[in-house]
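target-v7.cif (mmCIF, C-alpha atoms)
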data_target
loop_
_atom_site.group_PDB
_atom_site.id
_atom_site.type_symbol
_atom_site.label_atom_id
_atom_site.label_comp_id
_atom_site.auth_asym_id
_atom_site.auth_seq_id
_atom_site.Cartn_x
_atom_site.Cartn_y
_atom_site.Cartn_z
ATOM 1 C CA MET A 883 -34.545 49.630 60.536
ATOM 2 C CA VAL A 884 -36.837 47.970 58.008
ATOM 3 C CA ASP A 885 -34.205 48.323 55.294
ATOM 4 C CA VAL A 886 -31.579 46.627 57.476
ATOM 5 C CA LEU A 887 -33.878 43.759 58.473
ATOM 6 C CA SER A 888 -35.102 43.215 54.907
ATOM 7 C CA SER A 889 -31.485 42.780 53.791
ATOM 8 C CA ILE A 890 -31.088 39.993 56.382
ATOM 9 C CA PHE A 891 -34.514 38.302 56.278
ATOM 10 C CA HIS A 892 -36.758 37.558 53.308
ATOM 11 C CA PHE A 893 -40.484 37.290 54.015
ATOM 12 C CA GLU A 894 -41.766 33.949 52.691
ATOM 13 C CA GLY A 895 -45.400 34.184 53.754
ATOM 14 C CA GLU A 896 -47.743 33.496 56.613
ATOM 15 C CA ILE A 897 -49.484 30.484 58.099
ATOM 16 C CA VAL A 898 -52.923 30.950 59.627
ATOM 17 C CA VAL A 899 -53.961 28.444 62.291
ATOM 18 C CA THR A 900 -57.719 28.304 62.906
ATOM 19 C CA TRP A 901 -58.881 26.887 66.215
ATOM 20 C CA GLU A 902 -61.953 24.646 66.121
ATOM 21 C CA GLU A 903 -63.805 23.458 69.187
ATOM 22 C CA ALA A 904 -67.378 22.526 70.125
ATOM 23 C CA GLU A 905 -67.752 25.585 72.356
ATOM 24 C CA PRO A 906 -66.150 28.856 71.166
ATOM 25 C CA THR A 907 -65.324 29.884 74.742
ATOM 26 C CA ASP A 908 -63.208 26.733 75.167
ATOM 27 C CA LEU A 909 -60.872 27.586 72.335
ATOM 28 C CA PRO A 910 -57.200 27.753 73.312
ATOM 29 C CA GLY A 911 -56.724 30.429 70.647
ATOM 30 C CA ASN A 912 -59.836 32.397 71.599
ATOM 31 C CA TYR A 913 -58.695 35.155 73.899
ATOM 32 C CA GLY A 914 -62.172 36.314 74.846
ATOM 33 C CA TYR A 915 -62.253 38.943 72.100
ATOM 34 C CA GLY A 916 -63.705 36.824 69.298
ATOM 35 C CA TYR A 917 -60.354 35.759 67.846
ATOM 36 C CA ASP A 918 -60.342 32.168 66.600
ATOM 37 C CA HIS A 919 -56.996 32.056 64.810
ATOM 38 C CA ASN A 920 -53.279 32.759 65.123
ATOM 39 C CA TYR A 921 -50.676 33.856 62.588
ATOM 40 C CA CYS A 922 -47.173 32.564 62.081
ATOM 41 C CA LEU A 923 -44.996 34.785 59.873
ATOM 42 C CA VAL A 924 -42.325 32.842 57.966
ATOM 43 C CA PHE A 925 -38.957 34.398 57.109
ATOM 44 C CA ARG A 926 -35.878 33.010 55.363
ATOM 45 C CA ASN A 927 -32.281 34.126 55.861
ATOM 46 C CA ALA A 928 -31.520 36.278 52.803
ATOM 47 C CA ASN A 929 -27.878 35.166 52.606
#
Since I need it in another form, could you write the structure as C-alpha cells?
Amino acid sequence: MVDVLSSIFHFEGEIVVTWEEAEPTDLPGNYGYGYDHNYCLVFRNAN
C-alpha cells in the first residue's frame, strides 16, 4: 500500500504547531498527557 500511495503523493515535510498559554492545563492542544504541540504532514500530488 505504501508503494501505491507514494506514487500518488509526495511527502513535502511537516509543520509543528506549539501551543503557548499562561497555564499548561488551559492549552487547547494539551490533551492532559503533557503534549503541547500538533503535527501537520504536508503532501503534494506526485502527478
Who sits within 7 Å of Thr900 (chain A), all atoms listed in the file, same chain under 2 positions skipped, as a JSON list (two decimals) with C-alpha atoms, in the frame of the given file:
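This is the output file around.json:
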[["chain", "number", "residue", "atom", "x", "y", "z"],
["A", 898, "VAL", "CA", -52.92, 30.95, 59.63],
["A", 902, "GLU", "CA", -61.95, 24.65, 66.12],
["A", 918, "ASP", "CA", -60.34, 32.17, 66.60],
["A", 919, "HIS", "CA", -57.00, 32.06, 64.81],
["A", 920, "ASN", "CA", -53.28, 32.76, 65.12]]
Could you give me, as a list of chain:residue names, the residues within 7 Å of Glu896 (chain A), counting only C-alpha atoms and dropping anything in the same chain fewer than 3 positions from it? A:Tyr921, A:Cys922, A:Leu923, A:Val924
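Evaluated against the shown file, the PyMOL selection byres ((chain A and resi 927) around 12) gives Leu887, Ser888, Ser889, Ile890, Phe891, His892, Phe893, Glu894, Val924, Phe925, Arg926, Ala928 and Asn929 of chain A.
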